[in-house]
file target-v9.pdb (PDB, C-alpha atoms)
ATOM      1  CA  MET A   1      52.039  63.111  15.634
ATOM      2  CA  ARG A   2      53.822  61.580  18.636
ATOM      3  CA  VAL A   3      53.701  63.475  21.917
ATOM      4  CA  TYR A   4      55.660  62.663  25.059
ATOM      5  CA  ILE A   5      54.235  64.198  28.239
ATOM      6  CA  HIS A   6      56.449  64.707  31.279
ATOM      7  CA  GLY A   7      54.266  64.682  34.407
ATOM      8  CA  ARG A   8      50.913  63.139  35.298
ATOM      9  CA  GLY A   9      49.240  65.572  37.649
ATOM     10  CA  LEU A  10      46.126  67.464  36.615
ATOM     11  CA  ALA A  11      47.759  69.203  33.634
ATOM     12  CA  GLY A  12      49.536  66.136  32.266
ATOM     13  CA  SER A  13      46.552  63.855  32.797
ATOM     14  CA  TRP A  14      44.088  66.175  31.107
ATOM     15  CA  LEU A  15      46.436  66.811  28.174
ATOM     16  CA  ALA A  16      47.088  63.097  27.705
ATOM     17  CA  TYR A  17      43.361  62.396  27.718
ATOM     18  CA  GLU A  18      42.593  65.255  25.311
ATOM     19  CA  LEU A  19      45.263  64.218  22.808
ATOM     20  CA  HIS A  20      44.593  60.485  23.098
ATOM     21  CA  ARG A  21      40.880  60.864  22.419
ATOM     22  CA  ARG A  22      41.777  62.885  19.300
ATOM     23  CA  GLY A  23      43.930  60.084  17.914
ATOM     24  CA  VAL A  24      47.394  61.308  18.872
ATOM     25  CA  GLU A  25      50.111  58.797  19.777
ATOM     26  CA  VAL A  26      50.799  59.712  23.405
ATOM     27  CA  LEU A  27      53.294  58.519  26.009
ATOM     28  CA  VAL A  28      53.211  59.839  29.578
ATOM     29  CA  PHE A  29      55.991  59.606  32.149
ATOM     30  CA  ASP A  30      55.589  60.735  35.754
ATOM     31  CA  PRO A  31      59.047  61.477  37.159
ATOM     32  CA  HIS A  32      57.845  62.282  40.696
ATOM     33  CA  PRO A  33      54.610  60.368  41.398
ATOM     34  CA  ALA A  34      55.045  60.445  45.173
ATOM     35  CA  GLU A  35      55.419  64.247  45.192
ATOM     36  CA  ASN A  36      52.475  65.157  42.986
ATOM     37  CA  ALA A  37      50.828  68.323  44.315
ATOM     38  CA  SER A  38      47.665  67.491  42.366
ATOM     39  CA  ARG A  39      47.118  64.472  44.612
ATOM     40  CA  VAL A  40      47.349  66.594  47.750
ATOM     41  CA  ALA A  41      44.937  69.249  46.491
ATOM     42  CA  ALA A  42      41.347  69.442  47.712
ATOM     43  CA  GLY A  43      40.204  70.248  44.175
ATOM     44  CA  LEU A  44      38.152  73.268  45.228
ATOM     45  CA  ILE A  45      36.500  75.194  42.413
ATOM     46  CA  ASN A  46      35.584  78.638  43.692
ATOM     47  CA  PRO A  47      34.200  81.271  41.293
ATOM     48  CA  THR A  48      35.361  84.151  43.510
ATOM     49  CA  THR A  49      38.747  84.995  44.937
ATOM     50  CA  GLY A  50      40.396  87.337  47.431
ATOM     51  CA  SER A  51      39.427  88.967  50.720
ATOM     52  CA  ARG A  52      38.264  91.867  48.549
ATOM     53  CA  PRO A  53      35.987  89.661  46.470
ATOM     54  CA  LYS A  54      36.287  89.520  42.723
ATOM     55  CA  SER A  55      35.454  86.912  40.117
ATOM     56  CA  THR A  56      38.027  84.243  39.395
ATOM     57  CA  TRP A  57      39.783  84.936  36.083
ATOM     58  CA  ARG A  58      37.588  83.947  33.117
ATOM     59  CA  SER A  59      35.158  82.149  35.434
ATOM     60  CA  GLU A  60      32.251  82.905  33.096
ATOM     61  CA  VAL A  61      33.963  80.737  30.458
ATOM     62  CA  LEU A  62      36.018  78.315  32.522
ATOM     63  CA  LEU A  63      33.280  77.184  34.928
ATOM     64  CA  PRO A  64      30.834  75.892  32.291
ATOM     65  CA  PHE A  65      33.773  74.448  30.327
ATOM     66  CA  ALA A  66      35.027  72.582  33.404
ATOM     67  CA  ARG A  67      31.566  71.352  34.371
ATOM     68  CA  GLU A  68      31.023  69.870  30.917
ATOM     69  CA  ALA A  69      34.533  68.420  30.686
ATOM     70  CA  TYR A  70      34.354  66.700  34.071
ATOM     71  CA  GLY A  71      30.905  65.339  33.281
ATOM     72  CA  ALA A  72      32.221  63.809  30.059
ATOM     73  CA  ILE A  73      35.269  62.276  31.699
ATOM     74  CA  GLU A  74      33.182  60.800  34.519
ATOM     75  CA  ARG A  75      31.267  58.832  31.908
ATOM     76  CA  GLU A  76      34.546  57.773  30.292
ATOM     77  CA  ILE A  77      36.311  56.524  33.427
ATOM     78  CA  GLY A  78      33.230  55.343  35.300
ATOM     79  CA  ALA A  79      34.023  57.278  38.473
ATOM     80  CA  SER A  80      32.529  60.257  40.274
ATOM     81  CA  VAL A  81      34.863  63.238  40.046
ATOM     82  CA  TRP A  82      32.816  66.455  40.199
ATOM     83  CA  THR A  83      30.775  67.281  43.320
ATOM     84  CA  PRO A  84      28.600  70.420  43.315
ATOM     85  CA  ARG A  85      29.106  72.376  46.531
ATOM     86  CA  VAL A  86      27.533  75.274  48.343
ATOM     87  CA  ILE A  87      30.318  77.687  49.317
ATOM     88  CA  ARG A  88      29.769  79.912  52.339
ATOM     89  CA  ARG A  89      31.987  82.904  53.018
ATOM     90  CA  VAL A  90      31.935  83.696  56.714
ATOM     91  CA  PHE A  91      32.340  87.334  57.721
ATOM     92  CA  LEU A  92      34.553  87.675  60.788
ATOM     93  CA  THR A  93      34.522  91.484  60.896
ATOM     94  CA  GLU A  94      32.282  94.358  59.849
ATOM     95  CA  LYS A  95      34.842  95.139  57.136
ATOM     96  CA  ASP A  96      34.200  91.719  55.571
ATOM     97  CA  ALA A  97      30.513  92.536  55.296
ATOM     98  CA  THR A  98      31.244  95.980  53.860
ATOM     99  CA  LEU A  99      33.614  94.614  51.225
ATOM    100  CA  TRP A 100      31.076  92.046  50.087
ATOM    101  CA  SER A 101      28.316  94.650  49.974
ATOM    102  CA  LEU A 102      30.347  96.213  47.157
ATOM    103  CA  ALA A 103      30.825  92.888  45.345
ATOM    104  CA  ASP A 104      28.502  93.757  42.472
ATOM    105  CA  GLN A 105      30.295  97.072  41.952
ATOM    106  CA  ARG A 106      33.604  95.196  41.912
ATOM    107  CA  GLY A 107      32.331  93.024  39.068
ATOM    108  CA  VAL A 108      31.725  89.789  40.965
ATOM    109  CA  GLY A 109      29.640  87.941  38.411
ATOM    110  CA  VAL A 110      28.355  85.285  40.800
ATOM    111  CA  GLN A 111      24.793  84.674  41.924
ATOM    112  CA  TRP A 112      25.083  84.927  45.702
ATOM    113  CA  THR A 113      22.700  84.934  48.623
ATOM    114  CA  PRO A 114      23.257  86.687  51.948
ATOM    115  CA  LEU A 115      23.303  84.535  55.064
ATOM    116  CA  LYS A 116      20.872  86.197  57.435
ATOM    117  CA  GLU A 117      20.747  83.525  60.123
ATOM    118  CA  SER A 118      22.730  83.957  63.334
ATOM    119  CA  ALA A 119      24.222  80.503  62.797
ATOM    120  CA  VAL A 120      24.211  77.705  60.215
ATOM    121  CA  ASP A 121      25.609  74.174  60.580
ATOM    122  CA  GLY A 122      26.515  75.208  64.106
ATOM    123  CA  VAL A 123      28.762  77.967  62.708
ATOM    124  CA  SER A 124      28.149  81.355  64.303
ATOM    125  CA  LEU A 125      27.660  84.289  61.920
ATOM    126  CA  PRO A 126      27.927  87.434  64.078
ATOM    127  CA  TYR A 127      28.666  89.584  61.023
ATOM    128  CA  GLY A 128      26.759  87.505  58.486
ATOM    129  CA  GLY A 129      28.073  85.921  55.306
ATOM    130  CA  VAL A 130      27.138  84.909  51.781
ATOM    131  CA  GLU A 131      26.713  81.654  49.919
ATOM    132  CA  TYR A 132      27.012  80.725  46.265
ATOM    133  CA  ALA A 133      27.562  77.685  44.049
ATOM    134  CA  GLY A 134      30.943  76.008  43.579
ATOM    135  CA  ALA A 135      32.335  72.491  43.359
ATOM    136  CA  THR A 136      35.109  70.153  44.370
ATOM    137  CA  VAL A 137      37.001  67.738  42.132
ATOM    138  CA  ASN A 138      38.293  64.380  43.344
ATOM    139  CA  THR A 139      41.752  64.817  41.848
ATOM    140  CA  ASN A 140      42.950  61.354  42.817
ATOM    141  CA  ALA A 141      39.969  59.639  41.188
ATOM    142  CA  LEU A 142      40.531  61.738  38.059
ATOM    143  CA  ILE A 143      44.269  61.039  37.786
ATOM    144  CA  ASP A 144      43.793  57.327  38.531
ATOM    145  CA  GLY A 145      40.881  57.022  36.097
ATOM    146  CA  ILE A 146      42.769  58.664  33.238
ATOM    147  CA  GLY A 147      45.834  56.615  34.186
ATOM    148  CA  ALA A 148      43.843  53.394  33.844
ATOM    149  CA  LEU A 149      42.714  54.408  30.341
ATOM    150  CA  LEU A 150      46.266  55.273  29.329
ATOM    151  CA  GLU A 151      47.656  52.053  30.784
ATOM    152  CA  ARG A 152      45.022  50.005  28.968
ATOM    153  CA  ASP A 153      46.139  51.538  25.671
ATOM    154  CA  GLY A 154      49.881  51.297  26.386
ATOM    155  CA  CYS A 155      50.373  55.040  26.855
ATOM    156  CA  LEU A 156      52.211  55.028  30.195
ATOM    157  CA  ALA A 157      56.000  55.098  29.995
ATOM    158  CA  ALA A 158      58.370  53.668  32.619
ATOM    159  CA  ASP A 159      61.243  55.952  31.588
ATOM    160  CA  THR A 160      62.171  58.756  29.184
ATOM    161  CA  LEU A 161      64.007  56.612  26.622
ATOM    162  CA  ARG A 162      61.427  57.281  23.921
ATOM    163  CA  ALA A 163      61.139  61.005  24.601
ATOM    164  CA  ALA A 164      63.756  61.785  21.939
ATOM    165  CA  ASP A 165      61.604  60.073  19.299
ATOM    166  CA  ALA A 166      58.590  62.300  19.954
ATOM    167  CA  ASP A 167      57.562  65.137  17.660
ATOM    168  CA  VAL A 168      56.751  67.227  20.719
ATOM    169  CA  ASN A 169      57.762  66.937  24.357
ATOM    170  CA  VAL A 170      55.288  68.614  26.699
ATOM    171  CA  TRP A 171      56.416  69.594  30.178
ATOM    172  CA  CYS A 172      53.779  69.298  32.874
ATOM    173  CA  HIS A 173      56.253  68.714  35.702
ATOM    174  CA  GLY A 174      54.885  71.240  38.150
ATOM    175  CA  TRP A 175      57.003  73.556  40.257
ATOM    176  CA  ARG A 176      60.276  72.010  39.063
ATOM    177  CA  ALA A 177      59.877  73.954  35.832
ATOM    178  CA  ALA A 178      61.122  76.983  37.775
ATOM    179  CA  SER A 179      64.623  75.439  37.848
ATOM    180  CA  ASP A 180      64.438  73.791  34.412
ATOM    181  CA  ALA A 181      66.683  75.673  31.963
ATOM    182  CA  ARG A 182      64.076  75.236  29.231
ATOM    183  CA  TRP A 183      61.429  77.136  31.200
ATOM    184  CA  SER A 184      63.133  79.005  34.056
ATOM    185  CA  TRP A 185      62.629  82.283  32.166
ATOM    186  CA  LEU A 186      58.919  82.046  32.954
ATOM    187  CA  PRO A 187      58.001  83.957  36.144
ATOM    188  CA  PHE A 188      57.166  81.043  38.393
ATOM    189  CA  GLN A 189      56.437  81.501  42.084
ATOM    190  CA  PRO A 190      56.326  78.016  43.657
ATOM    191  CA  VAL A 191      54.494  77.929  46.981
ATOM    192  CA  LYS A 192      54.198  75.195  49.567
ATOM    193  CA  GLY A 193      50.710  74.395  50.793
ATOM    194  CA  GLU A 194      49.741  72.215  53.742
ATOM    195  CA  ILE A 195      46.366  70.522  54.202
ATOM    196  CA  LEU A 196      44.837  68.835  57.233
ATOM    197  CA  ASP A 197      42.359  65.995  57.548
ATOM    198  CA  ALA A 198      40.341  66.395  60.718
ATOM    199  CA  VAL A 199      37.244  65.501  62.699
ATOM    200  CA  ILE A 200      35.034  68.129  64.329
ATOM    201  CA  ASP A 201      32.647  68.085  67.242
ATOM    202  CA  GLY A 202      29.049  69.155  66.861
ATOM    203  CA  PRO A 203      26.833  69.233  63.768
ATOM    204  CA  PRO A 204      28.290  68.126  60.404
ATOM    205  CA  LEU A 205      28.978  70.750  57.758
ATOM    206  CA  ASN A 206      26.751  70.876  54.695
ATOM    207  CA  ALA A 207      28.826  73.380  52.748
ATOM    208  CA  VAL A 208      32.380  74.542  52.105
ATOM    209  CA  TYR A 209      33.362  77.333  54.494
ATOM    210  CA  ILE A 210      35.840  80.036  53.494
ATOM    211  CA  ARG A 211      37.529  82.886  55.277
ATOM    212  CA  GLY A 212      41.299  83.060  54.687
ATOM    213  CA  ILE A 213      41.329  79.260  54.598
ATOM    214  CA  TRP A 214      38.844  76.751  53.231
ATOM    215  CA  ILE A 215      37.095  73.943  55.105
ATOM    216  CA  VAL A 216      35.660  71.181  52.937
ATOM    217  CA  PRO A 217      33.372  68.519  54.466
ATOM    218  CA  SER A 218      34.144  64.978  53.375
ATOM    219  CA  SER A 219      31.735  62.816  55.412
ATOM    220  CA  GLU A 220      29.780  63.340  58.640
ATOM    221  CA  GLN A 221      32.213  65.071  61.019
ATOM    222  CA  HIS A 222      35.224  64.569  58.719
ATOM    223  CA  ILE A 223      36.663  67.650  57.024
ATOM    224  CA  ARG A 224      39.710  68.868  55.105
ATOM    225  CA  ILE A 225      41.314  72.188  55.973
ATOM    226  CA  GLY A 226      43.671  74.231  53.834
ATOM    227  CA  SER A 227      45.790  75.772  52.871
ATOM    228  CA  THR A 228      48.973  77.458  54.022
ATOM    229  CA  HIS A 229      51.237  79.484  51.725
ATOM    230  CA  ASP A 230      55.004  79.246  52.182
ATOM    231  CA  TRP A 231      57.318  80.584  49.467
ATOM    232  CA  ASP A 232      60.546  79.778  51.351
ATOM    233  CA  ASP A 233      60.268  76.153  52.516
ATOM    234  CA  LEU A 234      59.911  74.261  49.242
ATOM    235  CA  THR A 235      59.853  70.768  50.733
ATOM    236  CA  GLU A 236      57.021  68.254  50.862
ATOM    237  CA  GLN A 237      57.406  67.828  54.626
ATOM    238  CA  PRO A 238      54.438  68.927  56.789
ATOM    239  CA  THR A 239      55.279  71.323  59.608
ATOM    240  CA  ASP A 240      54.044  71.961  63.145
ATOM    241  CA  HIS A 241      53.641  75.638  62.253
ATOM    242  CA  GLY A 242      51.370  74.801  59.325
ATOM    243  CA  ARG A 243      49.289  72.504  61.484
ATOM    244  CA  ARG A 244      48.859  75.067  64.256
ATOM    245  CA  THR A 245      48.013  77.843  61.793
ATOM    246  CA  LEU A 246      45.263  75.861  60.081
ATOM    247  CA  VAL A 247      43.791  74.519  63.330
ATOM    248  CA  GLU A 248      43.622  77.984  64.900
ATOM    249  CA  LYS A 249      41.956  79.534  61.848
ATOM    250  CA  ALA A 250      39.476  76.665  61.560
ATOM    251  CA  ARG A 251      38.548  77.026  65.233
ATOM    252  CA  VAL A 252      37.834  80.731  64.724
ATOM    253  CA  ILE A 253      35.545  80.037  61.761
ATOM    254  CA  LEU A 254      33.771  76.985  63.178
ATOM    255  CA  GLY A 255      33.742  77.943  66.843
ATOM    256  CA  ARG A 256      34.463  74.389  67.946
ATOM    257  CA  GLU A 257      37.244  71.898  68.508
ATOM    258  CA  VAL A 258      39.192  70.447  65.581
ATOM    259  CA  HIS A 259      40.872  67.033  65.952
ATOM    260  CA  VAL A 260      43.594  66.503  63.354
ATOM    261  CA  THR A 261      43.826  63.009  61.846
ATOM    262  CA  GLY A 262      46.274  63.639  59.023
ATOM    263  CA  GLN A 263      48.509  66.242  57.415
ATOM    264  CA  ARG A 264      49.995  66.565  53.944
ATOM    265  CA  ALA A 265      52.053  69.076  52.016
ATOM    266  CA  GLY A 266      52.707  69.798  48.353
ATOM    267  CA  ILE A 267      54.393  72.440  46.207
ATOM    268  CA  ARG A 268      52.058  74.320  43.891
ATOM    269  CA  PRO A 269      53.495  75.502  40.565
ATOM    270  CA  ALA A 270      52.097  78.979  41.001
ATOM    271  CA  ALA A 271      52.713  81.784  38.513
ATOM    272  CA  ARG A 272      53.473  85.396  39.346
ATOM    273  CA  SER A 273      51.140  86.361  36.522
ATOM    274  CA  LYS A 274      48.245  84.523  38.267
ATOM    275  CA  ARG A 275      47.594  82.802  34.945
ATOM    276  CA  PRO A 276      48.662  79.395  33.611
ATOM    277  CA  TYR A 277      51.588  79.095  31.190
ATOM    278  CA  ILE A 278      50.702  77.367  27.918
ATOM    279  CA  GLY A 279      52.458  77.112  24.572
ATOM    280  CA  LEU A 280      55.583  76.276  22.573
ATOM    281  CA  HIS A 281      59.131  77.228  23.441
ATOM    282  CA  PRO A 282      60.023  80.314  21.354
ATOM    283  CA  GLU A 283      63.311  78.809  20.131
ATOM    284  CA  ASP A 284      62.372  75.125  19.974
ATOM    285  CA  PRO A 285      58.807  74.294  18.897
ATOM    286  CA  SER A 286      59.432  70.626  19.697
ATOM    287  CA  GLN A 287      59.171  71.648  23.376
ATOM    288  CA  ALA A 288      55.847  72.734  24.882
ATOM    289  CA  ILE A 289      54.451  73.405  28.330
ATOM    290  CA  ILE A 290      51.329  73.515  30.472
ATOM    291  CA  ASN A 291      52.206  74.760  33.925
ATOM    292  CA  GLY A 292      51.627  77.446  36.536
ATOM    293  CA  LEU A 293      48.120  76.254  37.396
ATOM    294  CA  GLY A 294      48.654  76.743  41.138
ATOM    295  CA  ALA A 295      45.598  76.602  43.382
ATOM    296  CA  LYS A 296      43.209  76.894  40.412
ATOM    297  CA  GLY A 297      44.414  73.682  38.774
ATOM    298  CA  SER A 298      41.105  71.827  38.976
ATOM    299  CA  LEU A 299      39.342  74.691  37.212
ATOM    300  CA  TRP A 300      42.013  75.535  34.656
ATOM    301  CA  ALA A 301      43.401  72.122  33.651
ATOM    302  CA  PRO A 302      40.655  70.942  31.210
ATOM    303  CA  TRP A 303      40.650  74.286  29.408
ATOM    304  CA  ALA A 304      44.455  74.519  29.364
ATOM    305  CA  ALA A 305      44.704  71.030  27.851
ATOM    306  CA  ARG A 306      42.242  71.979  25.101
ATOM    307  CA  GLN A 307      44.205  75.165  24.393
ATOM    308  CA  LEU A 308      47.491  73.303  23.864
ATOM    309  CA  ALA A 309      45.871  70.430  21.964
ATOM    310  CA  ASP A 310      44.259  72.885  19.549
ATOM    311  CA  LEU A 311      47.634  74.563  19.046
ATOM    312  CA  LEU A 312      49.471  71.290  18.385
ATOM    313  CA  LEU A 313      46.853  69.705  16.149
ATOM    314  CA  GLU A 314      45.224  72.660  14.415
ATOM    315  CA  GLY A 315      47.737  75.474  14.758
ATOM    316  CA  LYS A 316      45.152  77.494  16.653
ATOM    317  CA  PRO A 317      46.871  80.168  18.805
ATOM    318  CA  VAL A 318      46.458  79.869  22.548
ATOM    319  CA  ASP A 319      44.799  82.642  24.506
ATOM    320  CA  ASN A 320      47.020  85.742  24.580
ATOM    321  CA  GLU A 321      46.895  85.993  28.378
ATOM    322  CA  VAL A 322      48.412  82.530  28.886
ATOM    323  CA  ASP A 323      50.717  82.243  25.875
ATOM    324  CA  VAL A 324      54.309  81.723  27.067
ATOM    325  CA  GLN A 325      55.609  83.780  24.128
ATOM    326  CA  GLN A 326      54.739  86.989  25.991
ATOM    327  CA  TRP A 327      57.394  86.222  28.646
ATOM    328  CA  TRP A 328      60.287  85.551  26.305
ATOM    329  CA  ASN A 329      63.055  88.139  26.744
ATOM    330  CA  VAL A 330      60.910  90.248  29.051
TER
END
call {"tool": "encode", "arguments": {"input": "target-v9.pdb", "output": "C-alpha cells"}}
result
Amino acid sequence: MRVYIHGRGLAGSWLAYELHRRGVEVLVFDPHPAENASRVAAGLINPTTGSRPKSTWRSEVLLPFAREAYGAIEREIGASVWTPRVIRRVFLTEKDATLWSLADQRGVGVQWTPLKESAVDGVSLPYGGVEYAGATVNTNALIDGIGALLERDGCLAADTLRAADADVNVWCHGWRAASDARWSWLPFQPVKGEILDAVIDGPPLNAVYIRGIWIVPSSEQHIRIGSTHDWDDLTEQPTDHGRRTLVEKARVILGREVHVTGQRAGIRPAARSKRPYIGLHPEDPSQAIINGLGAKGSLWAPWAARQLADLLLEGKPVDNEVDVQQWWNV
C-alpha cells in the first residue's frame, strides 16, 4: 500500500510514523509549514475539562495509550517529548470550590488532592484549589524528530506530484479542511488561539496552573500562557486584545506582574462534536482523514493515528464516536 499524507502537524506526523513502522510506503507533504497550529500549541495533556469539571473524553483509555506511545517514540527519535506535570486548578470564587466538591458525583475519574495551603508557589489560594497529574508534550521536538526519521528514509515530499499515484490520500491539513470540498460536510468549528511567552516576578512555578486559561512553567521564571478562543478572526496574526486578555487573567491567578516576551497565534481545527474526525470518505475510499483534534491534539493524535492505520491495513472499523461516516448526509 502507498499512502500520501497531506499535512505534518501532530496528526500527520503520528500517522506517518505509525504507518511507516508497519511497513507502509509513505510520503508526507506539508503545504503550510509556517502556519502549523501544532507548533504553536503548548501540548498540555489535562485529564479534566470545563469550569464544571468532568473527565476528558475517553481519558481512562487515551491517557495510558498516549503515555506509552510517547515513551516509545522518545526512544525512537532520541529526544525528550513527554514531561509529567502537576496540574493545579485555582479556585477564584466559592462557586469554583462548590463545583469541584461535586467532581466525584459528576464522574471525574481523576485522583485529585485538595490544596489546603493559603498559598503555593507564591500563588494565593483564598478559596482553595485541587491538584492532579497531567503532562505536557514538546510538539516541536516530536514533529521534528519524526520528520528526521521520515527524511532519512525518503518519505518527505516537496510537492503533491506523486499524490495521484497513492492508494490512499490522507488529509491532515488542519482547519483548512472546513473549506475543502472533500470534507466541508464535516461540522468543523475552527478557532484561533493566542499564546504568550512571559517572565514573572517572584518564586518560580512548580506546576501548571489552570483557571479559564493555563499557565505552563518552562524554566525558572519563564512561563507560557494560553489560550484565547476566537471563532471570527481566522488569521495567524497575534492581536493586542489577545495579549491583554491573557495578561490580565494570568495576573489574577498568579497575583503578580507578567512581562510578555513573545506572542504567537494559530488556528485549531476544532470540531463541533468535540471529538476527532477519522475515517474514509463515504463516496471515495481512496480519500481518508484525521482532523478535528483541536486543543486535545497532543492527547488524541497517537490514538487517532492507530485507529486509521488499523482501518487501512486491517479493515478494523474506527471507533463509532469518531467515524466520519456518521456525519455524511446529516
call {"tool": "residues_around", "arguments": {"input": "target-v9.pdb", "residues": "range 177-184 of chain A", "least_positions_apart": "4", "cutoff": "12 Å", "atoms": "only C-alpha atoms", "output": "tab-separated table (two decimals) with C-alpha atoms, keeping the file's coordinate frame"}}
result
chain	number	residue	atom	x	y	z
A	6	HIS	CA	56.45	64.71	31.28
A	7	GLY	CA	54.27	64.68	34.41
A	169	ASN	CA	57.76	66.94	24.36
A	170	VAL	CA	55.29	68.61	26.70
A	171	TRP	CA	56.42	69.59	30.18
A	172	CYS	CA	53.78	69.30	32.87
A	173	HIS	CA	56.25	68.71	35.70
A	188	PHE	CA	57.17	81.04	38.39
A	189	GLN	CA	56.44	81.50	42.08
A	190	PRO	CA	56.33	78.02	43.66
A	191	VAL	CA	54.49	77.93	46.98
A	234	LEU	CA	59.91	74.26	49.24
A	267	ILE	CA	54.39	72.44	46.21
A	268	ARG	CA	52.06	74.32	43.89
A	269	PRO	CA	53.50	75.50	40.56
A	270	ALA	CA	52.10	78.98	41.00
A	271	ALA	CA	52.71	81.78	38.51
A	272	ARG	CA	53.47	85.40	39.35
A	277	TYR	CA	51.59	79.10	31.19
A	278	ILE	CA	50.70	77.37	27.92
A	279	GLY	CA	52.46	77.11	24.57
A	280	LEU	CA	55.58	76.28	22.57
A	281	HIS	CA	59.13	77.23	23.44
A	282	PRO	CA	60.02	80.31	21.35
A	283	GLU	CA	63.31	78.81	20.13
A	284	ASP	CA	62.37	75.12	19.97
A	285	PRO	CA	58.81	74.29	18.90
A	286	SER	CA	59.43	70.63	19.70
A	287	GLN	CA	59.17	71.65	23.38
A	288	ALA	CA	55.85	72.73	24.88
A	289	ILE	CA	54.45	73.40	28.33
A	290	ILE	CA	51.33	73.52	30.47
A	291	ASN	CA	52.21	74.76	33.92
A	292	GLY	CA	51.63	77.45	36.54
A	324	VAL	CA	54.31	81.72	27.07
A	325	GLN	CA	55.61	83.78	24.13
A	327	TRP	CA	57.39	86.22	28.65
A	328	TRP	CA	60.29	85.55	26.30
A	329	ASN	CA	63.06	88.14	26.74
call {"tool": "resolve_selection", "arguments": {"input": "target-v9.pdb", "expression": "the PyMOL selection byres ((chain A and resi 229) around 12)", "output": "VMD selection string"}}
result
chain A and resid 189 to 195 212 to 213 226 to 228 230 to 234 241 to 242 245 to 246 265 to 268 270 294 to 295
call {"tool": "closest_residue", "arguments": {"input": "target-v9.pdb", "among": "A:Pro276, A:Gly109, A:Gly23, A:Gly78", "to": "Ser298 in chain A", "atoms": "all atoms listed in the file"}}
result
A:Pro276
call {"tool": "closest_residue", "arguments": {"input": "target-v9.pdb", "among": "A:Ile146, A:Ile253, A:Val216, A:Val208", "to": "Tyr127 in chain A", "atoms": "only C-alpha atoms"}}
result
A:Ile253
call {"tool": "axis_aligned_box", "arguments": {"input": "target-v9.pdb", "around": "range 20-33 of chain A", "padding_each_side": "6 Å", "output": "JSON"}}
result
{"center_x": 50.0, "center_y": 60.7, "center_z": 29.7, "size_x": 30.2, "size_y": 16.4, "size_z": 35.5}
call {"tool": "atom_distance", "arguments": {"input": "target-v9.pdb", "atom1": "CA of Leu27 in chain A", "atom2": "CA of Pro302 in chain A"}}
result
18.5 Å
call {"tool": "closest_residue", "arguments": {"input": "target-v9.pdb", "among": "A:Trp57, A:Phe29, A:Trp100, A:Trp82", "to": "Ala69 in chain A", "atoms": "all atoms listed in the file"}}
result
A:Trp82
call {"tool": "closest_residue", "arguments": {"input": "target-v9.pdb", "among": "A:Arg211, A:Lys54, A:Arg162, A:His32", "to": "Gly129 in chain A", "atoms": "only C-alpha atoms"}}
result
A:Arg211
call {"tool": "closest_residue", "arguments": {"input": "target-v9.pdb", "among": "A:Pro187, A:Gly262, A:Pro126, A:Gly50", "to": "Ile223 in chain A", "atoms": "all atoms listed in the file"}}
result
A:Gly262
call {"tool": "resolve_selection", "arguments": {"input": "target-v9.pdb", "expression": "the PyMOL selection byres ((chain A and resi 261) around 12)", "output": "list in words"}}
result
Ile195, Leu196, Asp197, Ala198, Val199, Ile200, Gln221, His222, Ile223, Arg224, Ile225, Arg243, Val247, Val258, His259, Val260, Gly262, Gln263 and Arg264 of chain A
call {"tool": "residues_around", "arguments": {"input": "target-v9.pdb", "residues": "Pro84 in chain A", "least_positions_apart": "6", "cutoff": "9 Å", "atoms": "only C-alpha atoms", "output": "PyMOL selection string"}}
result
chain A and resi 133-137
call {"tool": "write_last_selection", "arguments": {"input": "target-v9.pdb", "atoms": "C-alpha atoms", "output": "compact mmCIF listing (two decimals), in the frame of the given file"}}
result
# COMPACT_ATOMS: atom_id res chain seq x y z
CA ALA A 133 27.56 77.68 44.05
CA GLY A 134 30.94 76.01 43.58
CA ALA A 135 32.34 72.49 43.36
CA THR A 136 35.11 70.15 44.37
CA VAL A 137 37.00 67.74 42.13
call {"tool": "residues_around", "arguments": {"input": "target-v9.pdb", "residues": "Val123 in chain A", "least_positions_apart": "6", "cutoff": "12 Å", "atoms": "all atoms listed in the file", "output": "list in words"}}
result
Arg88, Arg89, Val90, Phe91, Leu92, Leu115, Glu117, Gly129, Ile200, Asp201, Gly202, Pro203, Pro204, Leu205, Asn206, Ala207, Val208, Tyr209, Ile210, Ile215, Ala250, Arg251, Val252, Ile253, Leu254, Gly255, Arg256 and Glu257 of chain A
call {"tool": "closest_residue", "arguments": {"input": "target-v9.pdb", "among": "A:Val130, A:Ala305, A:Ala72, A:Ala157", "to": "Thr98 in chain A", "atoms": "all atoms listed in the file"}}
result
A:Val130
call {"tool": "atom_distance", "arguments": {"input": "target-v9.pdb", "atom1": "CA of Pro53 in chain A", "atom2": "CA of Val86 in chain A"}}
result
16.8 Å
call {"tool": "resolve_selection", "arguments": {"input": "target-v9.pdb", "expression": "the PyMOL selection byres ((chain A and resi 108) around 10)", "output": "compact mmCIF listing (two decimals) with C-alpha atoms, keeping the file's coordinate frame"}}
result
# COMPACT_ATOMS: atom_id res chain seq x y z
CA PRO A 47 34.20 81.27 41.29
CA THR A 48 35.36 84.15 43.51
CA THR A 49 38.75 85.00 44.94
CA PRO A 53 35.99 89.66 46.47
CA LYS A 54 36.29 89.52 42.72
CA SER A 55 35.45 86.91 40.12
CA THR A 56 38.03 84.24 39.40
CA TRP A 100 31.08 92.05 50.09
CA LEU A 102 30.35 96.21 47.16
CA ALA A 103 30.82 92.89 45.34
CA ASP A 104 28.50 93.76 42.47
CA GLN A 105 30.30 97.07 41.95
CA ARG A 106 33.60 95.20 41.91
CA GLY A 107 32.33 93.02 39.07
CA GLY A 109 29.64 87.94 38.41
CA VAL A 110 28.36 85.28 40.80
CA GLN A 111 24.79 84.67 41.92
CA TRP A 112 25.08 84.93 45.70
call {"tool": "residues_around", "arguments": {"input": "target-v9.pdb", "residues": "Lys296 in chain A", "least_positions_apart": "3", "cutoff": "9 Å", "atoms": "all atoms listed in the file", "output": "MDAnalysis selection string"}}
result
chainID A and resid 43:46 293 299:301
call {"tool": "atom_distance", "arguments": {"input": "target-v9.pdb", "atom1": "CA of Asp165 in chain A", "atom2": "CA of Asp30 in chain A"}}
result
17.5 Å
call {"tool": "residues_around", "arguments": {"input": "target-v9.pdb", "residues": "Leu313 in chain A", "least_positions_apart": "6", "cutoff": "9 Å", "atoms": "only C-alpha atoms", "output": "PyMOL selection string"}}
result
chain A and resi 1+19+24
